[in-house]
Number of protein chains: 2
Amino acid sequence: MPHLLFEKHKALLAQTLVAIKKRGYWSPFAENVEAYGENALEEGRLAFEAYRDAQFYLDQPGVIERGGAENSPYGLPLNISYPKCHPDALISAGRSAMSAWIKAGPDTRAGICVEMLERLNSHSAELAHAVMHTTGQGLGMAFRTAGAQSQNRGLEAIACAYREMKQVPETAVWEKNQGNDPPMRLEKIFTVVPRGIALVIGCSTFPTWNAYPGIFASLVTGNPVIVKPHPSVILPLALTVAVARQTLKEAGFDPNLVSLLVDDMEVPLAREVALRPEIRCIDFTGGPVFGAWLEENARQAMVFTEKAGVNCVIVDSTDDYPGLLKNLAFSLALYSGQMCTAPQAIFVAKEGVKTAEGVIPLAQFEADLARALNTLLSETECALEILGAIQSLATMARIEASRELGEVLVESTALRHPQYPEARVQTPLLIKVDVGDMPAYAEERFGPISFIVETTTTLESLSVAERVMRDSGALTFLVHSTAGPIWQLAEEISLRVGVALTFNLTDTVYINQTSGFSDYHGTGANPAANACLIDSAFVAGRFFVVQSRHPL
Amino acid sequence: MPHLLFEKHKALLAQTLVAIKKRGYWSPFAENVEAYGENALEEGRLAFEAYRDAQFYLDQPGVIERGGAENSPYGLPLNISYPKCHPDALISAGRSAMSAWIKAGPDTRAGICVEMLERLNSHSAELAHAVMHTTGQGLGMAFRTAGAQSQNRGLEAIACAYREMKQVPETAVWEKNQGNDPPMRLEKIFTVVPRGIALVIGCSTFPTWNAYPGIFASLVTGNPVIVKPHPSVILPLALTVAVARQTLKEAGFDPNLVSLLVDDMEVPLAREVALRPEIRCIDFTGGPVFGAWLEENARQAMVFTEKAGVNCVIVDSTDDYPGLLKNLAFSLALYSGQMCTAPQAIFVAKEGVKTAEGVIPLAQFEADLARALNTLLSETECALEILGAIQSLATMARIEASRELGEVLVESTALRHPQYPEARVQTPLLIKVDVGDMPAYAEERFGPISFIVETTTTLESLSVAERVMRDSGALTFLVHSTAGPIWQLAEEISLRVGVALTFNLTDTVYINQTSGFSDYHGTGANPAANACLIDSAFVAGRFFVVQSRHPL
């Protein structure tokens, strides 16, 4: 008999299967805060405040001590203590929980996973405050990314994995005719068996959005999941794990199928745990050095990484020059460039930008883009919401150091936050370099740091951008051009490098955005990521098919 | 406009998609020789004879010299010379061919790949002789495995990969309402892009059956394929490559999308080529040492291996004792145990085998199994067809060396082949060991070498078999028991180890057999193979999805 939670969510699951096939716009979880009730944000704030200066409750095994040292990029001390559990205890509890979870089958597991997301959805405002005060995102952005957009990505992962699992029939009868002899008949039973224990290593900027695909893809395919948040961004994933555990418990399953592994900067645990033989699947979002280390060393596991790249923009020509400037300025400013999709290297030929009104010389384009940034950020309240705060001190230092890399076109200045005077708010730094200064612009500079790269021709822009994206990786590639031949060259580069290409954004869609159920985020084909959120390769390797045969 | 070959084969493709979902018996390519015309085998023999003492024609680039030193295990010198091409030339020709093949899209590629199989089907009898005189398979078996069964596996791979590719829509329109503002609209184009160049490393026993899944899965997803046959078994894959190239050419594509890389025992090329950065996908069937080396070292590629394991049999109880003996004897004798699915370790408790007629003491079971083998092989013509010949001298030596491993219950003796007096024909060696002699039976002994392992109880049989399969790997696990609790334990072991389980084969279905479109061959979950023929993980990683977006 199907589990009640499968019955409850099977219609949504069916809709999701249609959505990931059609890939238009869809958001079953409401993105607008109004849908959550008049006082949602304030109630979320109160719920968030209740976690501060308190002990976060998680009934996990193997507690050694309590720890956690999160500080808000807005200057708020959080002082939340979490249970720190021994990895052995979490691994062994996960293994014990696995057998019943395998037997439950894909339908039941999917039903329970969707239920987790629905419950997380009702915590969206609380998650928004948690994400804001750990990552530095502005509240409005945090509400969307930590809420509906993360839940959408989780649901997409469930549906993708469910689709793959359901391609395997539960049973079959194999019957081969034998001429005059009676036919040979076998009954076959096919079981989806998980790879093992999954480890999800969270990042410091989009802790839920980047972790949910791995968490839900692994869990729905039967793998127990250990979630290791970034030590400076624990709360959003702690809330997630707490909801998941409660859902499992109420559905009659062992909550240790999902557990939280808290570590700290001083004694990081990810390396050690990632090499444990029981860990068969690792999802990682974060810096390229540790990502590459995982790919190289965690040989016993399938490793899915989203690292970083140098996202390139080509500015060749446009039929909406003001729109181009406004759109690009917004992309540079949004969450202070702390998005893996934010542009870093903007290639412009020295001959300038062709527009309907004539050619804009390069120097004027630079001045215009600087002005567009200033205009965008002229009104403080709005600027604070767009920029958010700088998550880490390392990014603050990187801004400082990057000034030396070229001619500063737009200086990065600190903005004072009226409510949080200690918030680390910085306007974007825009630097001009020559195409020859490759060491400056062809290495990822995470944060509000971008470059105008002067080239001789758009052709050179394209060819250098291809080399940069091929060698350093890229998640996005934005091309402004009205010329068909340029489009064609860009498309060929996009296929060769394996990077998502977007043309001529001049309105309110931004290159930074990637939309659940529709956009493939990353391709796996270039160094920025060895996996794609979410294609079938992202889910198919998380399970095996084991058959048993009985003669009939 | 769809390619003519897609139009021609789309109905078959649709049927295949149904078959891999239902997983009953299906064989669109006829398995019985009668379907190929009265003189098929003789015509095949003549075609095969024409290759002997001749130059095999392949219009490949980069020919350095001609080579090839195949000898039939039946003692026939083949003396076929093949072009030996420089890997650089094949890689670079493959890369040049790739762009048009990507643009052709999944439908066209699938149509052309199915056409290749249809053409190969018409060469089935010729392939049968080629496989017989390189691998040592009996002619009847070679006809089925090199013909329909290989073609079925190829078609299954095409369909699995096609299904995954078709889950990605070619285009989508993303439209998000904006309240009173006009909606945001983007057109999205999704392109399936291959991983790179694929290398398929063939084996010496089932050169086509084991290679076709990798060849066709890679090719249909857009990857050029370099086929490197085992240096002693070249002809079957040379014929395959020739047919594939001709099909490509006639369909208007570059034949260098599929090429043959011939090497020899003295200067093997696989290691060097496998590490080339252009090679992004490797399919390997063969020994565990080289398989593990590939997994460990070819880090730039996805590596799919089928290595070897110790397939276990538990004999606990039966309601058809004569059937059990006959079936098991056949499984041990078929193609002289040179099948990756053949049983090696037969665990029997010293208390004996429970039957409807009472308990058969262990000593009697041993004698009965020996007698069943003798009876099966008593008639020479029939024995020769079942046993085939021993493919390699290494296996001959292994039989010799294995006599020392325990008490010889059934001696391996040479049989004289009336037609081929120098054929290496050997009857199976059956050795008795104690459960404590793990070094003897828990290591793969490829060839007609198997063990009766005496245990104290069936419970011990099960627990030791689990350990052996977990540590050494296994592709098949056969359990003879009439007891429900034993079934349940065996099923749990099967799920834990990730091994295909079969119960109580006493008729004419044998543990060695694995049926296209129905059986999953290997799971990827134990050391015998890191991949499964054919689940979605086998195909999904062979391509990336790259998107481009235009505002509308």
# chains A, B, ... in the order shown; residues from 1 in each chain; ligands from 1
$ closest_atom_pairs --of "chain A" --to "chain B" --cutoff "7 Å" --atoms "only C-alpha atoms" --output "CSV"
residue,atom,partner,partner_atom,distance
A:Lys21,CA,B:Gln167,CA,6.1
A:Lys22,CA,B:Ala172,CA,6.5
A:Arg23,CA,B:Ala172,CA,6.0
A:Gly24,CA,B:Trp174,CA,4.2
A:Tyr25,CA,B:Trp174,CA,4.8
A:Gln167,CA,B:Lys21,CA,6.1
A:Val168,CA,B:Lys21,CA,6.5
A:Pro169,CA,B:Lys21,CA,6.4
A:Ala172,CA,B:Gly24,CA,5.9
A:Val173,CA,B:Gly24,CA,5.5
A:Trp174,CA,B:Gly24,CA,4.3
A:Glu175,CA,B:Tyr25,CA,5.6
A:Lys176,CA,B:Tyr25,CA,6.0
A:Val193,CA,B:Leu495,CA,6.8
A:Leu495,CA,B:Val546,CA,6.5
A:Gly498,CA,B:Val546,CA,5.9
A:Val499,CA,B:Val546,CA,6.3
A:Ala500,CA,B:Gln547,CA,5.0
A:Leu501,CA,B:Ser548,CA,4.5
A:Thr502,CA,B:Arg549,CA,4.6
A:Phe503,CA,B:His550,CA,5.2
A:Leu505,CA,B:Pro551,CA,6.8
A:Thr523,CA,B:Phe544,CA,5.8
A:Gly524,CA,B:Phe544,CA,6.7
A:Ala525,CA,B:Phe544,CA,6.6
A:Ser536,CA,B:Ala540,CA,5.8
A:Ala537,CA,B:Ala540,CA,4.7
A:Ala540,CA,B:Ala537,CA,4.7
A:Gly541,CA,B:Ala537,CA,5.0
A:Phe544,CA,B:Thr523,CA,5.8
A:Val545,CA,B:Thr523,CA,6.0
A:Val546,CA,B:Ala500,CA,5.7
A:Gln547,CA,B:Ala500,CA,5.0
A:Ser548,CA,B:Leu501,CA,4.5
A:Arg549,CA,B:Thr502,CA,4.6
A:His550,CA,B:Phe503,CA,5.2
A:Pro551,CA,B:Leu505,CA,6.8
$ write_last_selection --atoms "N, CA and C atoms" --output "JSON list (two decimals), in the first residue's frame"
[["chain", "number", "residue", "atom", "x", "y", "z"],
["A", 21, "LYS", "N", 10.24, 18.31, -17.88],
["A", 21, "LYS", "CA", 10.29, 17.92, -19.29],
["A", 21, "LYS", "C", 10.05, 19.13, -20.20],
["A", 22, "LYS", "N", 9.14, 20.01, -19.76],
["A", 22, "LYS", "CA", 8.82, 21.18, -20.60],
["A", 22, "LYS", "C", 9.79, 22.34, -20.38],
["A", 23, "ARG", "N", 10.23, 22.48, -19.16],
["A", 23, "ARG", "CA", 11.26, 23.46, -18.80],
["A", 23, "ARG", "C", 10.85, 24.91, -19.09],
["A", 24, "GLY", "N", 9.60, 25.21, -18.91],
["A", 24, "GLY", "CA", 9.16, 26.61, -18.91],
["A", 24, "GLY", "C", 9.26, 27.17, -17.50],
["A", 25, "TYR", "N", 8.60, 28.31, -17.27],
["A", 25, "TYR", "CA", 8.60, 28.87, -15.92],
["A", 25, "TYR", "C", 7.63, 28.09, -15.06],
["A", 167, "GLN", "N", 11.99, 4.33, -14.11],
["A", 167, "GLN", "CA", 12.25, 3.66, -15.39],
["A", 167, "GLN", "C", 12.55, 2.18, -15.16],
["A", 168, "VAL", "N", 12.88, 1.84, -13.94],
["A", 168, "VAL", "CA", 13.15, 0.44, -13.60],
["A", 168, "VAL", "C", 11.84, -0.16, -13.09],
["A", 169, "PRO", "N", 11.30, -1.15, -13.79],
["A", 169, "PRO", "CA", 10.05, -1.74, -13.29],
["A", 169, "PRO", "C", 10.32, -2.51, -11.99],
["A", 172, "ALA", "N", 9.07, -8.10, -13.46],
["A", 172, "ALA", "CA", 8.83, -8.42, -14.86],
["A", 172, "ALA", "C", 8.69, -9.93, -14.97],
["A", 173, "VAL", "N", 7.96, -10.36, -15.97],
["A", 173, "VAL", "CA", 7.93, -11.80, -16.28],
["A", 173, "VAL", "C", 8.61, -11.97, -17.63],
["A", 174, "TRP", "N", 9.60, -12.82, -17.62],
["A", 174, "TRP", "CA", 10.39, -13.09, -18.82],
["A", 174, "TRP", "C", 9.94, -14.45, -19.33],
["A", 175, "GLU", "N", 9.44, -14.48, -20.52],
["A", 175, "GLU", "CA", 8.88, -15.74, -21.04],
["A", 175, "GLU", "C", 9.37, -15.96, -22.45],
["A", 176, "LYS", "N", 10.11, -17.04, -22.63],
["A", 176, "LYS", "CA", 10.69, -17.31, -23.95],
["A", 176, "LYS", "C", 10.10, -18.60, -24.49],
["A", 193, "VAL", "N", 18.79, 0.20, -5.22],
["A", 193, "VAL", "CA", 19.63, 0.12, -4.03],
["A", 193, "VAL", "C", 20.55, 1.34, -4.01],
["A", 495, "LEU", "N", 29.07, 25.55, -27.05],
["A", 495, "LEU", "CA", 29.05, 24.09, -27.16],
["A", 495, "LEU", "C", 30.43, 23.51, -26.92],
["A", 498, "GLY", "N", 31.15, 24.11, -23.23],
["A", 498, "GLY", "CA", 30.12, 23.57, -22.35],
["A", 498, "GLY", "C", 29.70, 24.59, -21.32],
["A", 499, "VAL", "N", 29.34, 25.77, -21.79],
["A", 499, "VAL", "CA", 28.90, 26.81, -20.85],
["A", 499, "VAL", "C", 27.55, 27.34, -21.30],
["A", 500, "ALA", "N", 26.69, 27.65, -20.33],
["A", 500, "ALA", "CA", 25.37, 28.19, -20.65],
["A", 500, "ALA", "C", 25.53, 29.60, -21.21],
["A", 501, "LEU", "N", 24.91, 29.81, -22.35],
["A", 501, "LEU", "CA", 25.05, 31.08, -23.07],
["A", 501, "LEU", "C", 23.75, 31.86, -22.98],
["A", 502, "THR", "N", 23.86, 33.18, -22.79],
["A", 502, "THR", "CA", 22.66, 34.03, -22.81],
["A", 502, "THR", "C", 22.97, 35.27, -23.64],
["A", 503, "PHE", "N", 21.98, 35.65, -24.43],
["A", 503, "PHE", "CA", 22.16, 36.81, -25.30],
["A", 503, "PHE", "C", 21.38, 38.02, -24.78],
["A", 505, "LEU", "N", 20.74, 40.55, -22.56],
["A", 505, "LEU", "CA", 19.85, 40.83, -21.43],
["A", 505, "LEU", "C", 19.83, 42.33, -21.18],
["A", 523, "THR", "N", 27.27, 22.61, -16.37],
["A", 523, "THR", "CA", 27.10, 21.54, -17.37],
["A", 523, "THR", "C", 27.90, 20.30, -16.99],
["A", 524, "GLY", "N", 28.95, 20.48, -16.22],
["A", 524, "GLY", "CA", 29.88, 19.38, -15.98],
["A", 524, "GLY", "C", 31.01, 19.34, -16.99],
["A", 525, "ALA", "N", 30.91, 20.17, -18.01],
["A", 525, "ALA", "CA", 31.86, 20.07, -19.12],
["A", 525, "ALA", "C", 33.07, 20.98, -18.99],
["A", 536, "SER", "N", 20.23, 14.15, -15.82],
["A", 536, "SER", "CA", 20.06, 12.78, -15.35],
["A", 536, "SER", "C", 21.36, 12.21, -14.82],
["A", 537, "ALA", "N", 22.51, 12.68, -15.30],
["A", 537, "ALA", "CA", 23.78, 12.19, -14.76],
["A", 537, "ALA", "C", 23.93, 12.58, -13.28],
["A", 540, "ALA", "N", 21.46, 9.68, -11.70],
["A", 540, "ALA", "CA", 21.45, 8.26, -12.07],
["A", 540, "ALA", "C", 22.49, 7.44, -11.31],
["A", 541, "GLY", "N", 23.65, 8.02, -11.02],
["A", 541, "GLY", "CA", 24.71, 7.26, -10.36],
["A", 541, "GLY", "C", 24.50, 7.08, -8.87],
["A", 544, "PHE", "N", 21.92, 1.86, -7.60],
["A", 544, "PHE", "CA", 22.16, 0.68, -8.41],
["A", 544, "PHE", "C", 20.84, -0.06, -8.58],
["A", 545, "VAL", "N", 20.80, -0.91, -9.59],
["A", 545, "VAL", "CA", 19.64, -1.78, -9.75],
["A", 545, "VAL", "C", 20.10, -3.21, -9.47],
["A", 546, "VAL", "N", 19.45, -3.86, -8.53],
["A", 546, "VAL", "CA", 19.79, -5.24, -8.21],
["A", 546, "VAL", "C", 18.59, -6.11, -8.52],
["A", 547, "GLN", "N", 18.83, -7.19, -9.25],
["A", 547, "GLN", "CA", 17.70, -8.03, -9.65],
["A", 547, "GLN", "C", 17.74, -9.37, -8.94],
["A", 548, "SER", "N", 16.56, -9.96, -8.77],
["A", 548, "SER", "CA", 16.53, -11.36, -8.38],
["A", 548, "SER", "C", 15.55, -12.08, -9.30],
["A", 549, "ARG", "N", 15.86, -13.34, -9.61],
["A", 549, "ARG", "CA", 15.09, -14.10, -10.59],
["A", 549, "ARG", "C", 14.65, -15.43, -9.98],
["A", 550, "HIS", "N", 13.41, -15.73, -10.18],
["A", 550, "HIS", "CA", 12.81, -17.01, -9.76],
["A", 550, "HIS", "C", 12.22, -17.69, -10.98],
["A", 551, "PRO", "N", 12.50, -18.96, -11.21],
["A", 551, "PRO", "CA", 11.75, -19.67, -12.26],
["A", 551, "PRO", "C", 10.27, -19.74, -11.87]]
$ residues_around --residues "Gly352 in chain B" --least-positions-apart "6" --cutoff "7 Å" --atoms "only C-alpha atoms" --output "JSON, numbers by chain"
{"B": [359, 360, 361, 362]}
$ write_last_selection --atoms "C-alpha atoms" --output "PDB file, in the first residue's frame"
ATOM      1  CA  VAL B 359      19.217 -35.686   2.401  1.00  0.00           C
ATOM      2  CA  ILE B 360      21.958 -36.349  -0.139  1.00  0.00           C
ATOM      3  CA  PRO B 361      25.260 -36.575   1.718  1.00  0.00           C
ATOM      4  CA  LEU B 362      27.957 -34.207   0.525  1.00  0.00           C
TER       5      LEU B 362
END
$ select_by_dssp --residues "range 109-315 of chain B" --states "alpha helix (DSSP H)" --output "VMD selection string"
chain B and resid 109 to 122 124 to 135 139 to 146 148 to 166 207 to 220 235 to 250 270 to 274 288 to 297
$ select_by_dssp --residues "range 408-511 of chain B" --states "strand (DSSP E)" --output "list of chain:residue names"
B:Val408, B:Leu409, B:Val410, B:Ala414, B:Leu415, B:Val425, B:Gln426, B:Leu429, B:Leu430, B:Ile431, B:Lys432, B:Val433, B:Asp434, B:Ile449, B:Ser450, B:Phe451, B:Ile452, B:Val453, B:Glu454, B:Thr455, B:Thr476, B:Phe477, B:Leu478, B:Val479, B:His480, B:Ala500, B:Leu501, B:Thr502, B:Phe503
$ closest_residue --among "B:Thr341, B:Thr380, B:Ser124, B:Asn297" --to "Arg271 in chain B" --atoms "only C-alpha atoms"
B:Asn297
$ atom_distance --atom1 "CA of Pro485 in chain A" --atom2 "CA of Ser317 in chain A"
12.2 Å
$ closest_residue --among "A:Pro83, A:Pro73, A:Gly37, A:Gly473" --to "Gln426 in chain A" --atoms "only C-alpha atoms"
A:Pro73
$ residues_around --residues "range 405-418 of chain A" --least-positions-apart "4" --cutoff "9 Å" --atoms "only C-alpha atoms" --output "VMD selection string"
chain A and resid 74 366 to 367 370 373 to 374 380 to 381 383 to 384 399 to 401 422 to 434 437 439 to 441 448 to 449 451 to 452
$ residues_around --residues "Val313 in chain B" --least-positions-apart "5" --cutoff "8 Å" --atoms "only C-alpha atoms" --output "PyMOL selection string"
chain B and resi 343-347+477-480
$ closest_residue --among "B:Gln419, B:Thr458, B:Thr482, B:Thr205" --to "Met141 in chain B" --atoms "only C-alpha atoms"
B:Thr205
$ decode --residues "range 8-40 of chain A" --atoms "N, CA and C atoms" --output "CSV table (one decimal), in the first residue's frame"
chain,number,residue,atom,x,y,z
A,8,LYS,N,-0.5,11.9,-0.7
A,8,LYS,CA,-0.7,13.4,-0.5
A,8,LYS,C,0.0,14.2,-1.6
A,9,HIS,N,1.2,13.7,-2.0
A,9,HIS,CA,2.1,14.5,-2.9
A,9,HIS,C,2.2,14.0,-4.3
A,10,LYS,N,1.4,13.0,-4.7
A,10,LYS,CA,1.7,12.4,-6.0
A,10,LYS,C,1.3,13.3,-7.1
A,11,ALA,N,0.2,14.1,-6.9
A,11,ALA,CA,-0.2,15.0,-7.9
A,11,ALA,C,0.9,16.1,-8.2
A,12,LEU,N,1.5,16.6,-7.1
A,12,LEU,CA,2.6,17.6,-7.3
A,12,LEU,C,3.8,16.9,-8.0
A,13,LEU,N,4.1,15.7,-7.6
A,13,LEU,CA,5.2,15.0,-8.2
A,13,LEU,C,4.9,14.8,-9.7
A,14,ALA,N,3.7,14.5,-10.1
A,14,ALA,CA,3.3,14.3,-11.5
A,14,ALA,C,3.5,15.7,-12.2
A,15,GLN,N,3.0,16.7,-11.6
A,15,GLN,CA,3.2,18.1,-12.2
A,15,GLN,C,4.7,18.4,-12.4
A,16,THR,N,5.5,18.0,-11.4
A,16,THR,CA,6.9,18.3,-11.5
A,16,THR,C,7.6,17.6,-12.6
A,17,LEU,N,7.1,16.3,-12.8
A,17,LEU,CA,7.7,15.5,-13.9
A,17,LEU,C,7.4,16.2,-15.3
A,18,VAL,N,6.2,16.8,-15.4
A,18,VAL,CA,5.9,17.5,-16.6
A,18,VAL,C,6.7,18.8,-16.7
A,19,ALA,N,6.9,19.5,-15.6
A,19,ALA,CA,7.7,20.7,-15.6
A,19,ALA,C,9.1,20.5,-16.0
A,20,ILE,N,9.8,19.4,-15.5
A,20,ILE,CA,11.2,19.2,-15.9
A,20,ILE,C,11.3,18.7,-17.3
A,21,LYS,N,10.2,18.3,-17.9
A,21,LYS,CA,10.3,17.9,-19.3
A,21,LYS,C,10.0,19.1,-20.2
A,22,LYS,N,9.1,20.0,-19.8
A,22,LYS,CA,8.8,21.2,-20.6
A,22,LYS,C,9.8,22.3,-20.4
A,23,ARG,N,10.2,22.5,-19.2
A,23,ARG,CA,11.3,23.5,-18.8
A,23,ARG,C,10.9,24.9,-19.1
A,24,GLY,N,9.6,25.2,-18.9
A,24,GLY,CA,9.2,26.6,-18.9
A,24,GLY,C,9.3,27.2,-17.5
A,25,TYR,N,8.6,28.3,-17.3
A,25,TYR,CA,8.6,28.9,-15.9
A,25,TYR,C,7.6,28.1,-15.1
A,26,TRP,N,8.1,27.8,-13.8
A,26,TRP,CA,7.2,27.1,-12.9
A,26,TRP,C,7.7,27.3,-11.5
A,27,SER,N,6.9,27.6,-10.6
A,27,SER,CA,7.3,27.7,-9.2
A,27,SER,C,6.2,27.3,-8.3
A,28,PRO,N,6.1,26.0,-8.0
A,28,PRO,CA,5.0,25.5,-7.1
A,28,PRO,C,5.1,26.1,-5.7
A,29,PHE,N,6.3,26.5,-5.3
A,29,PHE,CA,6.4,27.2,-4.1
A,29,PHE,C,6.4,28.7,-4.4
A,30,ALA,N,5.5,29.4,-3.7
A,30,ALA,CA,5.3,30.9,-4.0
A,30,ALA,C,6.6,31.6,-3.8
A,31,GLU,N,7.0,32.5,-4.8
A,31,GLU,CA,8.2,33.3,-4.6
A,31,GLU,C,7.9,34.6,-3.9
A,32,ASN,N,6.7,35.1,-4.0
A,32,ASN,CA,6.4,36.4,-3.4
A,32,ASN,C,6.0,36.3,-2.0
A,33,VAL,N,6.6,37.2,-1.2
A,33,VAL,CA,6.4,37.1,0.3
A,33,VAL,C,4.9,37.3,0.7
A,34,GLU,N,4.1,38.0,-0.2
A,34,GLU,CA,2.7,38.3,0.2
A,34,GLU,C,1.9,37.0,0.3
A,35,ALA,N,2.4,36.0,-0.4
A,35,ALA,CA,1.6,34.7,-0.3
A,35,ALA,C,1.7,34.0,1.0
A,36,TYR,N,2.6,34.5,1.8
A,36,TYR,CA,2.9,33.8,3.1
A,36,TYR,C,2.2,34.5,4.3
A,37,GLY,N,1.3,35.4,4.0
A,37,GLY,CA,0.6,36.1,5.1
A,37,GLY,C,1.3,37.4,5.4
A,38,GLU,N,0.5,38.3,5.9
A,38,GLU,CA,0.9,39.7,6.1
A,38,GLU,C,2.1,39.9,7.0
A,39,ASN,N,2.2,39.1,8.0
A,39,ASN,CA,3.3,39.2,9.0
A,39,ASN,C,4.4,38.2,8.9
A,40,ALA,N,4.4,37.6,7.7
A,40,ALA,CA,5.3,36.4,7.6
A,40,ALA,C,6.8,36.8,7.9
